[in-house]
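Participant: Structure file start-v9.cif (mmCIF, C-alpha atoms) is given on the next line.
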```cif
data_protein
loop_
_atom_site.label_atom_id
_atom_site.label_comp_id
_atom_site.auth_asym_id
_atom_site.auth_seq_id
_atom_site.Cartn_x
_atom_site.Cartn_y
_atom_site.Cartn_z
CA MET V 20 0.00 0.00 0.00
CA GLU V 21 1.31 3.44 -0.93
CA THR V 22 2.17 5.62 2.05
CA LEU V 23 2.31 9.39 2.38
CA ARG V 24 6.10 9.24 2.47
CA ASP V 25 6.06 7.27 -0.81
CA ILE V 26 3.98 10.03 -2.39
CA LEU V 27 6.18 12.83 -1.04
CA ASP V 28 9.41 11.13 -2.14
CA ALA V 29 8.00 10.70 -5.63
CA VAL V 30 6.89 14.35 -5.81
CA ALA V 31 10.35 15.49 -4.69
CA ALA V 32 11.74 13.45 -7.59
CA GLY V 33 9.29 15.07 -10.02
CA VAL V 34 6.80 12.19 -10.20
CA PHE V 35 3.32 13.41 -9.26
CA PRO V 36 0.05 11.58 -8.58
CA PRO V 37 -1.98 11.14 -11.79
CA ALA V 38 -3.82 14.29 -12.87
CA ASP V 39 -7.09 12.34 -13.03
CA GLY V 40 -9.29 14.42 -10.75
CA GLY V 41 -9.09 11.73 -8.09
CA THR V 42 -8.51 11.69 -4.35
CA THR V 43 -6.20 9.27 -2.57
CA VAL V 44 -6.85 8.57 1.11
CA VAL V 45 -3.81 7.40 3.06
CA ALA V 46 -3.34 6.52 6.71
CA GLN V 47 -1.60 8.97 9.02
CA PRO V 48 2.12 8.21 9.31
CA SER V 49 1.89 9.28 12.97
CA ALA V 50 -0.73 10.55 15.39
CA ARG V 51 0.55 14.06 14.69
CA ASP V 52 0.40 14.10 10.89
CA ALA V 53 -3.02 14.58 9.31
CA GLY V 54 -4.27 16.91 6.62
CA VAL V 55 -4.97 17.46 2.95
CA LEU V 56 -2.43 17.83 0.16
CA SER V 57 -3.47 19.15 -3.23
CA PHE V 58 -1.47 18.54 -6.39
CA THR V 59 -2.39 19.20 -10.03
CA ALA V 60 -5.83 17.58 -10.48
CA HIS V 61 -5.25 15.10 -7.65
CA SER V 62 -5.55 15.34 -3.87
CA VAL V 63 -4.30 13.27 -0.96
CA VAL V 64 -6.26 13.18 2.28
CA VAL V 65 -4.13 12.01 5.21
CA THR V 66 -6.37 10.65 7.95
CA ASP V 67 -7.21 7.58 9.98
CA GLU V 68 -10.91 8.27 9.44
CA ASP V 69 -12.92 5.85 7.31
CA PRO V 70 -12.06 6.47 3.62
CA GLU V 71 -15.75 6.00 2.76
CA TRP V 72 -16.63 8.88 5.09
CA VAL V 73 -14.07 11.03 3.28
CA ARG V 74 -15.44 10.18 -0.17
CA ALA V 75 -19.07 10.61 0.86
CA THR V 76 -18.31 13.99 2.39
CA LEU V 77 -16.50 15.12 -0.74
CA ARG V 78 -19.47 14.10 -2.89
CA GLY V 79 -21.67 16.36 -0.78
CA VAL V 80 -19.60 19.49 -1.42
CA ASP V 81 -21.27 21.78 -3.97
CA CYS V 82 -18.31 22.85 -6.09
CA ASP V 83 -16.04 21.71 -8.91
CA PRO V 84 -14.86 18.23 -7.84
CA LEU V 85 -11.26 19.32 -8.48
CA ALA V 86 -11.64 21.91 -5.72
CA ALA V 87 -13.61 19.82 -3.24
CA THR V 88 -10.77 18.70 -0.96
CA MET V 89 -9.72 22.30 -0.32
CA HIS V 90 -13.26 23.67 -0.09
CA PRO V 91 -14.07 25.26 3.29
CA ARG V 92 -17.09 22.98 3.78
CA PHE V 93 -15.05 19.80 3.42
CA LEU V 94 -12.21 21.10 5.54
CA THR V 95 -14.64 22.18 8.26
CA ALA V 96 -16.28 18.74 8.20
CA LEU V 97 -12.87 17.07 8.44
CA LEU V 98 -11.86 19.28 11.37
CA ASP V 99 -15.12 18.52 13.16
CA GLN V 100 -14.82 14.79 12.48
CA THR V 101 -11.24 14.59 13.74
CA GLY V 102 -11.55 17.11 16.58
CA ARG V 103 -8.56 19.04 15.30
CA ARG V 104 -7.70 22.63 14.49
CA ALA V 105 -5.95 24.27 11.55
CA GLU V 106 -4.21 27.50 10.63
CA THR V 107 -3.87 28.20 6.90
CA VAL V 108 -3.61 26.49 3.55
CA ASP V 109 0.04 26.72 2.53
CA ALA V 110 1.80 26.61 -0.79
CA VAL V 111 4.32 23.76 -0.72
CA LEU V 112 7.76 23.97 -2.33
CA VAL V 113 10.69 21.58 -2.48
CA GLY V 114 14.38 22.11 -3.21
CA ASP V 115 17.16 19.64 -3.85
CA PRO V 116 20.35 19.73 -1.78
CA LEU V 117 23.10 21.97 -3.13
CA PRO V 118 26.86 21.48 -3.01
CA GLY V 119 29.19 24.07 -1.57
CA GLU V 120 29.28 26.24 1.50
CA PRO V 121 26.42 28.51 2.64
CA PRO V 122 26.65 32.01 1.13
CA LEU V 123 26.66 33.71 4.56
CA ALA V 124 28.03 33.13 8.04
CA LEU V 125 25.82 30.89 10.18
CA THR V 126 26.08 29.93 13.85
CA GLU V 127 24.14 26.93 15.14
CA ILE V 128 22.22 27.62 18.35
CA GLU V 129 19.92 25.80 20.78
CA ASP V 130 17.90 28.78 21.98
CA ALA V 131 14.52 27.17 22.70
CA GLY V 132 13.19 30.57 23.74
CA HIS V 133 13.29 32.03 20.24
CA PRO V 134 9.70 32.14 18.88
CA ARG V 135 10.62 30.60 15.51
CA ILE V 136 12.50 27.73 17.15
CA ARG V 137 9.77 27.16 19.74
CA TYR V 138 7.16 27.07 16.96
CA ALA V 139 9.20 24.53 14.99
CA ARG V 140 9.73 22.27 17.98
CA GLY V 141 5.99 22.08 18.46
CA ARG V 142 5.52 20.73 14.94
CA ARG V 143 8.75 18.97 13.97
CA ASP V 144 11.33 16.51 15.27
CA GLU V 145 15.13 16.78 15.24
CA VAL V 146 14.95 20.56 15.02
CA ARG V 147 18.18 22.45 14.36
CA ALA V 148 18.59 26.21 14.16
CA TRP V 149 21.20 28.67 12.93
CA VAL V 150 21.46 32.43 13.23
CA ALA V 151 22.96 34.90 10.79
CA ASP V 152 23.24 38.65 11.07
CA GLY V 153 19.56 39.64 10.96
CA GLY V 154 18.01 36.21 10.43
CA VAL V 155 17.19 32.75 11.77
CA LEU V 156 17.18 29.47 9.82
CA VAL V 157 15.36 26.42 11.23
CA MET V 158 15.24 22.86 9.87
CA GLY V 159 13.51 19.79 11.24
CA ARG V 160 11.54 16.67 10.33
CA GLY V 161 7.86 17.35 9.84
CA VAL V 162 5.14 15.59 7.85
CA ALA V 163 5.97 11.90 7.33
CA GLY V 164 9.54 12.61 8.37
CA ARG V 165 10.27 14.94 5.46
CA LEU V 166 12.94 17.59 6.06
CA GLU V 167 11.35 21.04 6.36
CA VAL V 168 12.79 24.55 6.49
CA SER V 169 11.58 27.90 7.80
CA VAL V 170 13.33 31.24 8.13
CA GLU V 171 12.76 34.56 9.82
CA VAL V 172 14.30 37.90 8.87
CA ALA V 173 14.44 40.79 11.32
CA GLU V 174 12.47 43.88 10.37
CA ASP V 175 15.59 46.05 10.05
CA ALA V 176 17.31 43.46 7.81
CA ARG V 177 14.59 43.13 5.18
CA HIS V 178 14.75 44.10 1.51
CA ARG V 179 18.42 43.09 1.27
CA GLY V 180 18.04 39.55 -0.07
CA LEU V 181 18.76 37.92 3.29
CA GLY V 182 15.74 35.61 3.05
CA ARG V 183 16.96 34.23 -0.27
CA LEU V 184 20.45 33.70 1.16
CA LEU V 185 19.05 31.84 4.18
CA VAL V 186 16.90 29.45 2.17
CA THR V 187 19.79 28.89 -0.24
CA ALA V 188 22.01 28.07 2.73
CA ALA V 189 19.41 25.55 3.90
CA ARG V 190 19.77 23.64 0.62
CA GLN V 191 23.54 23.53 1.18
CA LEU V 192 23.10 22.22 4.72
CA ALA V 193 20.66 19.53 3.59
CA THR V 194 21.57 16.11 2.20
CA GLU V 195 18.05 15.28 0.96
CA PRO V 196 15.08 17.13 -0.56
CA LEU V 197 14.07 20.09 1.56
CA TRP V 198 10.43 21.13 1.92
CA ALA V 199 8.93 24.55 2.63
CA GLN V 200 5.39 25.61 3.51
CA VAL V 201 4.53 29.23 2.72
CA ALA V 202 1.23 31.09 3.12
CA PRO V 203 0.14 32.02 -0.43
CA GLY V 204 -0.35 35.64 0.59
CA ASN V 205 3.27 35.92 1.71
CA ALA V 206 4.47 36.87 -1.75
CA ARG V 207 7.82 38.11 -0.47
CA SER V 208 8.64 34.72 1.05
CA LEU V 209 7.41 32.85 -2.03
CA ARG V 210 9.68 34.95 -4.24
CA ALA V 211 12.65 34.29 -1.95
CA PHE V 212 12.16 30.52 -2.06
CA GLN V 213 11.66 30.46 -5.82
CA ALA V 214 14.69 32.69 -6.38
CA ALA V 215 16.69 30.15 -4.35
CA GLY V 216 15.57 27.33 -6.65
CA TYR V 217 12.69 25.79 -4.71
CA ARG V 218 9.92 24.41 -6.92
CA PRO V 219 6.21 24.88 -6.12
CA VAL V 220 4.60 21.43 -6.10
CA GLY V 221 1.19 21.85 -4.49
CA ALA V 222 -0.74 23.08 -1.48
CA GLU V 223 -1.62 21.63 1.90
CA LEU V 224 -3.57 22.16 5.07
CA LEU V 225 -2.25 20.38 8.14
CA LEU V 226 -4.66 19.39 10.91
CA GLN V 227 -3.24 19.97 14.37
CA ARG V 228 -4.30 18.38 17.61
CA LYS V 229 -5.94 20.77 20.05
CA MET V 230 -3.88 19.48 22.97
CA PRO V 231 -0.16 19.56 22.03
CA VAL V 232 1.92 16.60 23.19
CA CYS V 233 5.30 15.27 22.13
CA PRO V 234 5.90 16.38 18.50
CA SER V 235 6.49 12.87 17.15
CA GLU V 236 3.35 11.38 18.70
#
```
Is it possible to express this structure as structure tokens?

Facilitator:
Amino acid sequence: METLRDILDAVAAGVFPPADGGTTVVAQPSARDAGVLSFTAHSVVVTDEDPEWVRATLRGVDCDPLAATMHPRFLTALLDQTGRRAETVDAVLVGDPLPGEPPLALTEIEDAGHPRIRYARGRRDEVRAWVADGGVLVMGRGVAGRLEVSVEVAEDARHRGLGRLLVTAARQLATEPLWAQVAPGNARSLRAFQAAGYRPVGAELLLQRKMPVCPSE
């Protein structure tokens, strides 16, 4: 049976689910990881709920079937059914590892008090963080164990290309495909990731448990 990690590994390699208008329902790889991933004309619903419930609920959504999995009515029903919460639908990008040294000086830190690092540790495993002059780079294992990156640029360091340098550095620190989730409205961040060679591959909404526990559970 195909797993979520199988699907993600294939997408990172440029092999996407068939653009057939279908929906694949896969089991959660962990108690933490649930949600909906949307690719070109194919969606993946990650849940331990009954697949027949998923399909019946999708059939009841009054919209283009291609849009049903990301329609607010379906997502609300899924949240209610699972007792979870959600934040925003993100654009998803992936970048391959790069050779060479990072293009800026980085210092690895373990400052759990930094908001960006604290946020990552609530959603990822094996979190590592680096600081540069004016920015923070965080990497960790998120959905189905994929390697994910996030960055933060200080207000007084913006508009200088630092975000692009940080996400480029992340590709040089990585030894496997590196994933990024960006709110579609954050055009500045999207441009930085794309300028650094990350490829947009789809969209996703992750369902979070209302009572946080250990990230890997």

Participant: Any chance you could resolve the PyMOL selection byres ((chain V and resi 219) around 9) against this file and give the residues as number ranges by chain?

Facilitator: V: 110-113, 213, 217-218, 220-222

Participant: How would you write, as a count of residues only, the residues chosen by the PyMOL selection byres ((chain V and resi 90-106) around 10) on this structure?

Facilitator: 34

Participant: Kindly give the distance, in Å, that separates atom CA of Leu185 of chain V and atom CA of Gln200 of chain V, rounded to a single decimal.

Facilitator: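 So the answer is 15.0 Å.
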
Participant: Residues at most 10 Å from segment 125-140 of chain V, counting all atoms listed in the file, excluding those fewer than 5 positions away in the same chain, as number ranges by chain?

Facilitator: V: 145-152, 154-161, 167-171, 185, 188, 233-235

Participant: Which residue out of V:Val63, V:Leu184, V:Val34, V:Ala193 has the minimum interatomic distance to Pro118 of chain V when all atoms listed in the file are used?

Facilitator: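 Residue with the minimum atom-to-atom distance to Pro118 of chain V: V:Ala193.
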
Participant: Can you pull out the residues contacting Pro48 of chain V? Cut-off 9 Å, using only C-alpha atoms, and skip same-chain residues under 4 positions away; I want them as a VMD selection string.

Facilitator: chain V and resid 22 to 24 52 to 53 65 to 66 162 to 164

Participant: Just to confirm, what's the straight-line distance from atom CA of Leu166 of chain V to atom CA of Ala46 of chain V in Å (one decimal)?

Facilitator: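 The value is 19.7 Å.
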
Participant: Go through V:Ala124, V:Ala215, V:Glu223, V:Ala29 and flag the residue nearest Ser62 of chain V, using only C-alpha atoms for the distances.

Facilitator: V:Glu223

Participant: Enclose all atoms of segment 136-148 of chain V listed in the file in an axis-aligned box, grow every side by 5 Å, and hand back centre and edge lengths in Å to one decimal, as JSON.

Facilitator:
```
{"center_x": 12.1, "center_y": 22.1, "center_z": 16.9, "size_x": 23.1, "size_y": 21.2, "size_z": 15.8}
```

Participant: Suppose you want the space between atom CA of Pro116 of chain V and atom CA of Thr187 of chain V; what is it in Å?

Facilitator: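 A separation of 9.3 Å between them.
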
Participant: Using all atoms listed in the file and a cutoff of 7 Å, can you tell me which residues are near (-7.4, 13.5, -9.2) in the file's coordinates, and write them out as an mmCIF file with C-alpha atoms, in the frame of the given file?

Facilitator:
```cif
data_model
loop_
_atom_site.group_PDB
_atom_site.id
_atom_site.type_symbol
_atom_site.label_atom_id
_atom_site.label_comp_id
_atom_site.auth_asym_id
_atom_site.auth_seq_id
_atom_site.Cartn_x
_atom_site.Cartn_y
_atom_site.Cartn_z
ATOM 1 C CA PRO V 37 -1.980 11.140 -11.790
ATOM 2 C CA ALA V 38 -3.820 14.290 -12.870
ATOM 3 C CA ASP V 39 -7.090 12.340 -13.030
ATOM 4 C CA GLY V 40 -9.290 14.420 -10.750
ATOM 5 C CA GLY V 41 -9.090 11.730 -8.090
ATOM 6 C CA THR V 42 -8.510 11.690 -4.350
ATOM 7 C CA ALA V 60 -5.830 17.580 -10.480
ATOM 8 C CA HIS V 61 -5.250 15.100 -7.650
ATOM 9 C CA SER V 62 -5.550 15.340 -3.870
#
```

Participant: Ranking V:Gly33, V:Glu195, V:Phe212, V:Glu21 by minimum distance to Asp115 of chain V and counting only C-alpha atoms, which one comes first?

Facilitator: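 So, comparing all the options, the nearest one is V:Glu195.
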
Participant: List the neighbours of Leu117 of chain V out to 7 Å using all atoms listed in the file; skip same-chain residues closer than 2 positions along the sequence, and give me the result as a VMD selection string.

Facilitator: chain V and resid 115 119 190 to 191
